[in-house]
There are 2 protein chains.
Amino acid sequence: MNDIKAYTHPHVRGCSTVRLKGGISQMIFGSFDFRFCRYPARFGIVVVFVAIVLLGGGCWLTAQTAEGASAYQSVDPFIGTGPEGHTFPGATVPFGMVQLSPDTQIRPFKQSYKWAAGYRYEDSTILGFSHTHFSGAGHSDLGDMLIQPIAGEVRLEPGDVEHPKSGYRSRFSHSSEKAEPGYYAVTLEDYGVRAELTATTRVGVHRYTYPTGAAEHVLMDLRSSIYNYEGKVLWSRIRIRPDGTITGMRETRGWAPGRQLYFAMRFSRPVISHELYDREPPVEYRGFATPGVTPGDKQALEGRGLVAVFDFSPNASPLVVKAALSPTSEENAIANMNAEVPGFAFDEVRRAAHGTWEKALSVINIDAAPAMRKNLYTALYHALLAPSTAMDIDGSYRGPDNQVHKADGFHFVSSFSLWDTYRAEQPLMTLIEPESRTTDVVRSLLESQKESPFGILPVWQFQGIETWCMIGYHAVPEIADAYMKGIRGFDPEQALQAMVASATYGPYGHLDEYMKLGYVPIDHDGESVSKTMEYAYDDWTISRMAAAMGHKEIAEAFAKRAQNWRNVFHQKSGFAQPRYANGSWREPFDPARAGADSGFTEGNSWQYSWYQPQDEAGLIQMLGGDQQLVSKLDAMFDAKVDPKQYADVEDIAGMIGQYIHGNEPSHHLAYLYNYAGQPWRTQERLQQIVESQYRPAIDGLVGNDDLGQMSAWLVFTSLGFYPVAPGSNEYVIGRPFVNRAALTLPNGKMFRITAEGMSPENRYVTNISLNGRPLDRSYLRHEEIMRGGELHFVMGPTPNQTWAVKPSSRPFSLSAQR
Amino acid sequence: MNDIKAYTHPHVRGCSTVRLKGGISQMIFGSFDFRFCRYPARFGIVVVFVAIVLLGGGCWLTAQTAEGASAYQSVDPFIGTGPEGHTFPGATVPFGMVQLSPDTQIRPFKQSYKWAAGYRYEDSTILGFSHTHFSGAGHSDLGDMLIQPIAGEVRLEPGDVEHPKSGYRSRFSHSSEKAEPGYYAVTLEDYGVRAELTATTRVGVHRYTYPTGAAEHVLMDLRSSIYNYEGKVLWSRIRIRPDGTITGMRETRGWAPGRQLYFAMRFSRPVISHELYDREPPVEYRGFATPGVTPGDKQALEGRGLVAVFDFSPNASPLVVKAALSPTSEENAIANMNAEVPGFAFDEVRRAAHGTWEKALSVINIDAAPAMRKNLYTALYHALLAPSTAMDIDGSYRGPDNQVHKADGFHFVSSFSLWDTYRAEQPLMTLIEPESRTTDVVRSLLESQKESPFGILPVWQFQGIETWCMIGYHAVPEIADAYMKGIRGFDPEQALQAMVASATYGPYGHLDEYMKLGYVPIDHDGESVSKTMEYAYDDWTISRMAAAMGHKEIAEAFAKRAQNWRNVFHQKSGFAQPRYANGSWREPFDPARAGADSGFTEGNSWQYSWYQPQDEAGLIQMLGGDQQLVSKLDAMFDAKVDPKQYADVEDIAGMIGQYIHGNEPSHHLAYLYNYAGQPWRTQERLQQIVESQYRPAIDGLVGNDDLGQMSAWLVFTSLGFYPVAPGSNEYVIGRPFVNRAALTLPNGKMFRITAEGMSPENRYVTNISLNGRPLDRSYLRHEEIMRGGELHFVMGPTPNQTWAVKPSSRPFSLSAQR
């Protein structure tokens, strides 16, 4: 029997949800909810019964329709807004320039890590709604153009978190919150204002319902910034145009120095009065203009401490505020607004956002246990937030030279957290997004290289501006991976040139010494080992692409560089270790040492020693055999760790021994058992990780989501395979965590994953077939997926110690290049 | 006999000058120089003799050729670089965007008034050569992109003026200086570097000759700013492009808030090494990037304290540096450079600048006594410096909204010191520059109005950005004057609308109260009387233009407003006086009170009471008759004044009693005797002023030149007439200070002024004829000039008390509108 249960949804008044759960429906559909608003729950039950009768007796919904219909509902944007995820619950469309979300605290730099997304679930007050956020970043910025609706008395300062009424912040309760893709709502208790948010790509749309009869205000604070500090705002400007449009800009010296962001804002009702304030503490001399001479304080104002307050007549109908962004000019912000949200139809924008998300999420149809289904669609949602659109509707964008350029025949995107996303996030996009998406990513990287003052590819770029965050030149594997997968919407010669330029630019990250010595020495670089390991992998992807293009010399030179990981791998200790420029190893060596000058980036030798996805066979050889690698991996996973070891290191969370799932250097590690011919050990570790590290809950992400990488890891892993070495065109097979899944590929074909006998007890892959034929190796080739078809797993309670154990059936290794 | 003398020019090696002086040549030509380079002086003498023989016996050079040839040589850019003139000696072409000149001191704000042009003749050290300057401003800014050539040791700070070797500044001696239009040279003694400067419209070209064998450097200090203060640089950027081009930008919060200026620079010889420095004192948190992570410190740098040093191999040939500006982007700076100075041919650029100036100065051919001739050509030179080009070669410019716009069919200019220049500077341009020049000025004003956040015309704008300096809406009379003079290169309807918008924008300068009360009350505005007087005049010009366009309603409304001067004129005291909003006069009243809250702007009631150029007849009536006005004027000119009275007021200099020639409110006053039927008194006062206030010397300008207004006053006055009331199409006749002058009018016709019997004793105009017919009135009509012809003055030793004394023969007055 179907277990049908009706309940009133706690957060949306007038809505009921009827949940189909258990029995046949569970097997077929997992579970899904039908939601009925404005009708009593009983009515819903009747409707569902009727529907079941109508659909019964062999008249199946196609998997696509049935599962797609509930994909949207399976997303919970609150997942990860707790301790470590650094995600935000606000409203955005896929890859939106505007990511409109509540900010709960804006802290000075050194306390601000926890508020990297502006919002933390544990907070109880909301400062307002700002228009730009990173999803899951470690370091942060943004929070541009904070807007707070105010009923009654206006306070111009945010106020103290301990004393809400000391400022414009308002208390709120989670019970009033609602978040779904493209929509967020909350009630600001101190004002009695119901605030709803939705968005298009470049426009945030707010709907504020004020209490009846209250004085209605909208406050905009151009000082507010995520990762705030004294002097961060270099300059800002606000102007009320004759037609009532408010435009302006803000330039900040934050993570992306000298970043200019322009905006345009309109209200659905007339502003009856307004005030512009410059709250910067007095400076000795700020220009000639004095009040009375300048008309500046009424229609326009410039400065470093701007706050604006707009007043509206009390009105029964809600106030709709739309605010567009542009990286290039106020005019373009207006054009973006006119193109995307010409009117004030909030519900229409919300419906459009909903539709866009339905479509975006439907690229993977998932049948999995409810919790996993929620995890997965939320992960897919998070994976679809960045790199985000960074150009105007007319193609204008700001490049790394901080000059305005025009995108010619492509869509300029930014928010490149490349150290994270080259691993699984971008490979996932290549599988599920239209090919033009990957082309846009690659062309944006290549144009950025052309515009870079240094002539190198982006490292960690947002809104076109470089931050130099993290290490490596991981735009390189993203481009190589695209090329190797047959994507040709860019000029490969230009691309290869840009990649080589980035890999040989001496001043960057001690590449000069790397090129001279074959490794980065610890003498001059506290992250020397991590850099060496990652450079070597990046080099290998250049070599792969150059070889495929017939550039033999480049291919050979970089194949040689790809071996450089060996120069920091100390064969005696069996660990990657810091090494001096004179060739000697630094002693004493402690593989657990992390932090400043350890030689490692956000980690230690326990994670980094096994980072040679281009040459794990070489690692096995170096260690002395398969079992040695397995022992090392086990030692890592099973280590007893004193967390104090990582006290000074960011983004260390989700620890299983010395394995740190919350951070990227660990992301490929569970798959390495396959390389040692023990895929069942990979399967065990994956279950251990998935079960302990992901939950459909506020704290459901154990580490920073890192613009989708943590999420993309889960999506891949749950499908049963993972791109350990982008550029290899191989996916290493783990085990599935879905019953069934169907990917709609960019070429329109379907690739299905089916898992037979999936249960908590059946932890092992007994055997695998691809399109009905047994698969005797523990990896998949990209072209096998792209041809469409079905990957069928048979799960069982015991390891199959014969499957894919031979060296030839193991994933890519440099010593066995295919 | 001609007095022919050959001498070797002291500063230009290999050049000789042969000067024709005295005797017949002096009478005909004034004096002029022939210059011969690379040939011995003796050769020059022979050539000149031959030339004289060839030209002798009745074969005269036309006046134009003969006088034009020496106009250039008559300019002395050092005039006014002394105490009060605030002019600069550097290199520029007419209306150049680049005005490249040495800066001698950069002082913090409160001490900086004296260094408004960057250079003061009394100084003995040069900091470097910066690319933008105001000519004769009171308040100031600019000094962008300071460059200093250095031989030997490099110091990164400017150093103490008392201890030159403490910084990069160098001592210099005036004997090594040479300045002529478009060229400046000096020897930097501490480095032994000969520095020469020249320019095109948008490119400064430097030629540095280093001592043999010395280490050669060029230092660029992006911190240096005229009117400097802590925090003035908001952000700056420098980048060395792969092709060696240096580009960058600077954004300052100075007089024009948020002003961005971009640059591009190239050297004629390869840079062998360079360093980029950020000398900003440490701030707590400046972004994520840390040295070693960012390649930033080598090829590009951003920040608020940037200094760059470029090193060159010792070389016998000089180093040529070219630096282009753009208000919009680095790319456009490069394009400007490529278009205007493709190579490194310094002499060619200098020759072109010379040629441009020859042509520009030749619009007036002057025969006058040598000192006056030098005064006049230098005045004409100073009058041709602003408003300067503010758009790129492709028409891109930055408007008052700080957004980039494109000039469509006109040439965008800025540096609008309108409070000064509407009086005589712009009217002079209308007479001698092509009509397109005035069209460009008007269209730049109108486009600025469209782009203004306040929808009003510029007040004091530079590089497109508004400063709100001074009072009034004097773009209005500039536009009305152009319209009344028949210039139609703009849309008069758009213009009138913009003028009315500016005159009715309540928040500006208490216009709201002005419109309500008919005057600005002293309660809320310390400059209330000056504002009322000037608004009323500006209003009259709107009325004139509206009437001419057939907009009767507007014409009447503003004709009424033009009478508002009466509302602050206290008939009993016979002075304009501060008045409260309730209608009462502020007591006690002292007409000599100046400064803060006096009711007056840079002056007092002694100057402002007679500011009703639209209605001097009304003033006479108000005072009780002609003689009362004459008495008032005499009382003003002959007053005994305690200079302490003006201790707190800027730009008060050139005092004759309470007449202050150094500042604009006095500029029309000497001409007012004509309105009272006593033109001989005007003639007396003019001689008194001209003789005491202008000299061909360092201290030859008694007040700030104010972007050409002080100079334009002299040019007009010396020609014998002055535009007391722009918009009236009348010029009030004074007396000439030239023997002969010929103006080439925009329509190609010539208008000649001839003065018969000119001598120090013959101070009075005995009679005047226009084209041979006696002129019985003391004013000229614009159309009379534009028809071409000759205005002939007969000078004599005694006043002609019958000429132009009847009311009908007096200049424009509202009560007798013609």
# chains A, B, ... in the order shown; residues from 1 in each chain; ligands from 1
$ calpha_fit_rmsd --fixed "chain B" --moving "chain A"
0.8 Å
$ select_by_dssp --residues "range 348-416 of chain A" --states "strand (DSSP E)" --output "ChimeraX atom specification"
/A:364-367,388-389,396-398,404-406,413-414,416
$ write_last_selection --atoms "all heavy atoms" --output "short mmCIF file (atom, residue, chain, number, x, y, z; two decimals), in the first residue's frame"
data_model
loop_
_atom_site.label_atom_id
_atom_site.label_comp_id
_atom_site.auth_asym_id
_atom_site.auth_seq_id
_atom_site.Cartn_x
_atom_site.Cartn_y
_atom_site.Cartn_z
N ILE A 364 19.37 15.55 -14.94
CA ILE A 364 19.59 14.24 -14.31
C ILE A 364 18.29 13.82 -13.63
O ILE A 364 17.77 14.56 -12.77
CB ILE A 364 20.72 14.27 -13.26
CG1 ILE A 364 21.98 14.94 -13.82
CG2 ILE A 364 21.06 12.84 -12.83
CD1 ILE A 364 23.16 14.91 -12.87
N ASN A 365 17.77 12.69 -14.04
CA ASN A 365 16.60 12.14 -13.36
C ASN A 365 17.09 11.12 -12.37
O ASN A 365 17.80 10.18 -12.72
CB ASN A 365 15.67 11.50 -14.38
CG ASN A 365 14.65 12.52 -14.84
OD1 ASN A 365 13.73 12.85 -14.09
ND2 ASN A 365 14.86 13.05 -16.03
N ILE A 366 16.70 11.34 -11.15
CA ILE A 366 17.27 10.53 -10.07
C ILE A 366 16.19 9.76 -9.35
O ILE A 366 15.17 10.32 -8.94
CB ILE A 366 18.00 11.45 -9.06
CG1 ILE A 366 19.18 12.14 -9.73
CG2 ILE A 366 18.47 10.64 -7.84
CD1 ILE A 366 19.71 13.32 -8.95
N ASP A 367 16.43 8.51 -9.20
CA ASP A 367 15.61 7.70 -8.31
C ASP A 367 16.54 7.21 -7.21
O ASP A 367 17.48 6.45 -7.46
CB ASP A 367 15.02 6.52 -9.10
CG ASP A 367 14.39 5.48 -8.17
OD1 ASP A 367 14.15 5.81 -6.99
OD2 ASP A 367 14.17 4.35 -8.64
N SER A 388 29.50 32.25 -12.80
CA SER A 388 28.27 32.98 -13.09
C SER A 388 28.48 34.01 -14.20
O SER A 388 29.60 34.43 -14.50
CB SER A 388 27.80 33.67 -11.82
OG SER A 388 28.83 34.45 -11.29
N THR A 389 27.37 34.39 -14.77
CA THR A 389 27.37 35.41 -15.82
C THR A 389 28.02 36.69 -15.32
O THR A 389 27.70 37.17 -14.24
CB THR A 389 25.91 35.72 -16.22
OG1 THR A 389 25.35 34.53 -16.77
CG2 THR A 389 25.84 36.86 -17.25
N SER A 396 28.93 43.41 -22.91
CA SER A 396 30.00 44.17 -22.26
C SER A 396 30.41 43.50 -20.94
O SER A 396 29.56 43.05 -20.19
CB SER A 396 29.53 45.60 -21.93
OG SER A 396 29.16 46.26 -23.10
N TYR A 397 31.68 43.45 -20.71
CA TYR A 397 32.15 42.91 -19.43
C TYR A 397 33.45 43.59 -19.05
O TYR A 397 34.07 44.29 -19.85
CB TYR A 397 32.33 41.39 -19.51
CG TYR A 397 33.45 40.93 -20.42
CD1 TYR A 397 34.74 40.72 -19.92
CD2 TYR A 397 33.23 40.70 -21.77
CE1 TYR A 397 35.76 40.28 -20.74
CE2 TYR A 397 34.25 40.27 -22.61
CZ TYR A 397 35.52 40.07 -22.09
OH TYR A 397 36.53 39.66 -22.91
N ARG A 398 33.85 43.39 -17.82
CA ARG A 398 35.11 43.94 -17.31
C ARG A 398 36.11 42.79 -17.23
O ARG A 398 35.83 41.78 -16.62
CB ARG A 398 34.88 44.55 -15.94
CG ARG A 398 35.90 45.55 -15.51
CD ARG A 398 35.42 46.32 -14.28
NE ARG A 398 34.46 47.35 -14.64
CZ ARG A 398 34.80 48.58 -15.06
NH1 ARG A 398 36.07 48.92 -15.14
NH2 ARG A 398 33.88 49.45 -15.38
N VAL A 404 36.79 47.66 -19.93
CA VAL A 404 35.56 47.12 -20.48
C VAL A 404 35.83 46.49 -21.84
O VAL A 404 36.48 47.10 -22.69
CB VAL A 404 34.49 48.23 -20.58
CG1 VAL A 404 33.22 47.70 -21.24
CG2 VAL A 404 34.18 48.78 -19.19
N HIS A 405 35.35 45.29 -22.02
CA HIS A 405 35.49 44.57 -23.29
C HIS A 405 34.11 44.10 -23.74
O HIS A 405 33.14 44.19 -23.00
CB HIS A 405 36.41 43.37 -23.11
CG HIS A 405 37.76 43.72 -22.59
ND1 HIS A 405 38.79 44.15 -23.41
CD2 HIS A 405 38.26 43.73 -21.33
CE1 HIS A 405 39.85 44.39 -22.66
NE2 HIS A 405 39.57 44.16 -21.40
N LYS A 406 34.08 43.59 -24.93
CA LYS A 406 32.81 43.08 -25.45
C LYS A 406 33.00 41.63 -25.86
O LYS A 406 33.92 41.31 -26.61
CB LYS A 406 32.35 43.92 -26.65
CG LYS A 406 30.86 43.92 -26.82
CD LYS A 406 30.34 45.35 -26.98
CE LYS A 406 28.84 45.41 -27.02
NZ LYS A 406 28.37 46.78 -27.20
N VAL A 413 31.68 34.53 -18.55
CA VAL A 413 31.35 34.13 -17.19
C VAL A 413 32.58 34.33 -16.29
O VAL A 413 33.71 34.42 -16.78
CB VAL A 413 30.89 32.65 -17.13
CG1 VAL A 413 29.64 32.43 -17.95
CG2 VAL A 413 32.00 31.71 -17.60
N SER A 414 32.33 34.44 -15.01
CA SER A 414 33.43 34.59 -14.06
C SER A 414 33.03 33.87 -12.77
O SER A 414 32.14 33.03 -12.80
CB SER A 414 33.74 36.07 -13.87
OG SER A 414 34.99 36.24 -13.26
N PHE A 416 35.52 32.16 -11.01
CA PHE A 416 36.31 30.96 -11.31
C PHE A 416 37.08 30.54 -10.07
O PHE A 416 38.15 31.08 -9.80
CB PHE A 416 37.29 31.24 -12.44
CG PHE A 416 36.67 31.24 -13.80
CD1 PHE A 416 36.65 32.38 -14.58
CD2 PHE A 416 36.13 30.06 -14.31
CE1 PHE A 416 36.10 32.36 -15.86
CE2 PHE A 416 35.58 30.04 -15.59
CZ PHE A 416 35.56 31.19 -16.36
#
$ closest_residue --among "B:Glu302, B:Asp634, B:Glu790, B:Asp401" --to "Glu280 in chain B" --atoms "only C-alpha atoms"
B:Glu302
$ closest_residue --among "B:Gly355, B:Gly506, B:Gly159, B:Pro613" --to "chain A" --atoms "only C-alpha atoms"
B:Gly506
$ residues_around --residues "Asn663 in chain A" --least-positions-apart "2" --cutoff "7 Å" --atoms "only C-alpha atoms" --output "list in words"
Asp651, Ile652, Ile660, His661, Pro665, Ser666 and Gly703 of chain A
$ write_last_selection --atoms "N, CA, C and O atoms" --output "mmCIF file, in the first residue's frame"
data_model
loop_
_atom_site.group_PDB
_atom_site.id
_atom_site.type_symbol
_atom_site.label_atom_id
_atom_site.label_comp_id
_atom_site.auth_asym_id
_atom_site.auth_seq_id
_atom_site.Cartn_x
_atom_site.Cartn_y
_atom_site.Cartn_z
ATOM 1 N N ASP A 651 39.182 25.851 6.195
ATOM 2 C CA ASP A 651 38.421 24.881 5.428
ATOM 3 C C ASP A 651 38.849 23.434 5.684
ATOM 4 O O ASP A 651 38.835 22.608 4.784
ATOM 5 N N ILE A 652 39.268 23.153 6.909
ATOM 6 C CA ILE A 652 39.584 21.768 7.259
ATOM 7 C C ILE A 652 38.417 21.228 8.057
ATOM 8 O O ILE A 652 38.189 21.606 9.201
ATOM 9 N N ILE A 660 40.322 14.476 4.525
ATOM 10 C CA ILE A 660 39.547 15.680 4.851
ATOM 11 C C ILE A 660 38.559 15.919 3.733
ATOM 12 O O ILE A 660 38.870 16.589 2.747
ATOM 13 N N HIS A 661 37.370 15.381 3.896
ATOM 14 C CA HIS A 661 36.445 15.490 2.771
ATOM 15 C C HIS A 661 36.000 16.930 2.515
ATOM 16 O O HIS A 661 35.635 17.285 1.401
ATOM 17 N N PRO A 665 41.868 18.713 -1.777
ATOM 18 C CA PRO A 665 42.984 17.791 -2.032
ATOM 19 C C PRO A 665 42.636 16.334 -1.734
ATOM 20 O O PRO A 665 43.306 15.422 -2.204
ATOM 21 N N SER A 666 41.587 16.122 -0.943
ATOM 22 C CA SER A 666 41.201 14.751 -0.627
ATOM 23 C C SER A 666 40.212 14.147 -1.628
ATOM 24 O O SER A 666 39.937 12.947 -1.559
ATOM 25 N N GLY A 703 32.136 20.659 4.505
ATOM 26 C CA GLY A 703 33.133 21.697 4.216
ATOM 27 C C GLY A 703 32.522 22.725 3.284
ATOM 28 O O GLY A 703 31.383 22.571 2.835
#
$ residues_around --residues "range 211-220 of chain B" --least-positions-apart "2" --cutoff "6 Å" --atoms "only C-alpha atoms" --output "MDAnalysis selection string"
chainID B and resid 146:152 192 307:312 314
$ residues_around --residues "Pro257 in chain B" --least-positions-apart "4" --cutoff "9 Å" --atoms "only C-alpha atoms" --output "PyMOL selection string"
(chain A and resi 235+286-287+302-303) or (chain B and resi 251-253+465-467)
$ write_last_selection --atoms "N, CA and C atoms" --output "compact mmCIF listing (two decimals), in the first residue's frame"
# COMPACT_ATOMS: atom_id res chain seq x y z
N TRP A 235 35.12 53.91 -3.47
CA TRP A 235 34.27 55.01 -3.91
C TRP A 235 32.90 54.45 -4.23
N ARG A 286 37.85 66.95 1.71
CA ARG A 286 37.20 66.01 0.80
C ARG A 286 36.74 66.67 -0.49
N GLY A 287 37.33 67.80 -0.84
CA GLY A 287 36.92 68.45 -2.06
C GLY A 287 36.35 69.80 -1.73
N GLU A 302 28.19 61.17 -3.86
CA GLU A 302 29.34 60.30 -4.05
C GLU A 302 30.10 60.25 -2.74
N GLY A 303 30.79 59.18 -2.52
CA GLY A 303 31.58 59.12 -1.31
C GLY A 303 31.89 57.69 -0.94
N GLU B 251 42.42 57.14 -9.98
CA GLU B 251 41.11 57.66 -9.59
C GLU B 251 41.32 58.48 -8.34
N THR B 252 40.85 59.70 -8.36
CA THR B 252 41.07 60.57 -7.20
C THR B 252 39.75 61.11 -6.68
N ARG B 253 39.77 61.49 -5.42
CA ARG B 253 38.55 62.04 -4.80
C ARG B 253 38.68 63.55 -4.61
N ILE B 465 33.71 66.09 -15.07
CA ILE B 465 33.17 65.90 -13.72
C ILE B 465 32.93 67.25 -13.05
N GLU B 466 31.82 67.34 -12.37
CA GLU B 466 31.39 68.60 -11.74
C GLU B 466 32.07 68.79 -10.39
N THR B 467 32.44 70.03 -10.10
CA THR B 467 33.05 70.35 -8.80
C THR B 467 32.15 71.22 -7.92
$ residues_around --residues "range 515-529 of chain A" --least-positions-apart "6" --cutoff "7 Å" --atoms "only C-alpha atoms" --output "ChimeraX atom specification"
/A:564,567-568,576-581,596-601
$ select_by_dssp --residues "range 516-694 of chain B" --states "helix (DSSP H, G or I)" --output "PyMOL selection string"
chain B and resi 516-517+528-549+552-568+605-608+616-623+626-638+643-646+664-666+669-675+679-693
$ residues_around --residues "Tyr262 in chain B" --least-positions-apart "6" --cutoff "9 Å" --atoms "only C-alpha atoms" --output "PyMOL selection string"
chain B and resi 247-251+324-333
$ closest_residue --among "B:Gln260, B:Ser273, B:Gln628, B:Ser769" --to "chain A" --atoms "only C-alpha atoms"
B:Gln260
$ atom_distance --atom1 "CA of Tyr514 in chain A" --atom2 "CA of Pro811 in chain A"
28.3 Å
$ closest_residue --among "B:Thr766, B:Asn402, B:Asn604, B:Thr754" --to "chain A" --atoms "only C-alpha atoms"
B:Asn402
$ atom_distance --atom1 "CA of Ala117 in chain B" --atom2 "CA of Val203 in chain B"
19.0 Å
$ atom_distance --atom1 "CA of Leu380 in chain A" --atom2 "CA of Tyr113 in chain A"
24.5 Å
$ closest_residue --among "B:Glu451, B:Glu493, B:Glu553, B:Glu784" --to "chain A" --atoms "only C-alpha atoms"
B:Glu451
$ closest_residue --among "A:Pro318, A:Pro458, A:Pro181, A:Gly118" --to "chain B" --atoms "only C-alpha atoms"
A:Pro458
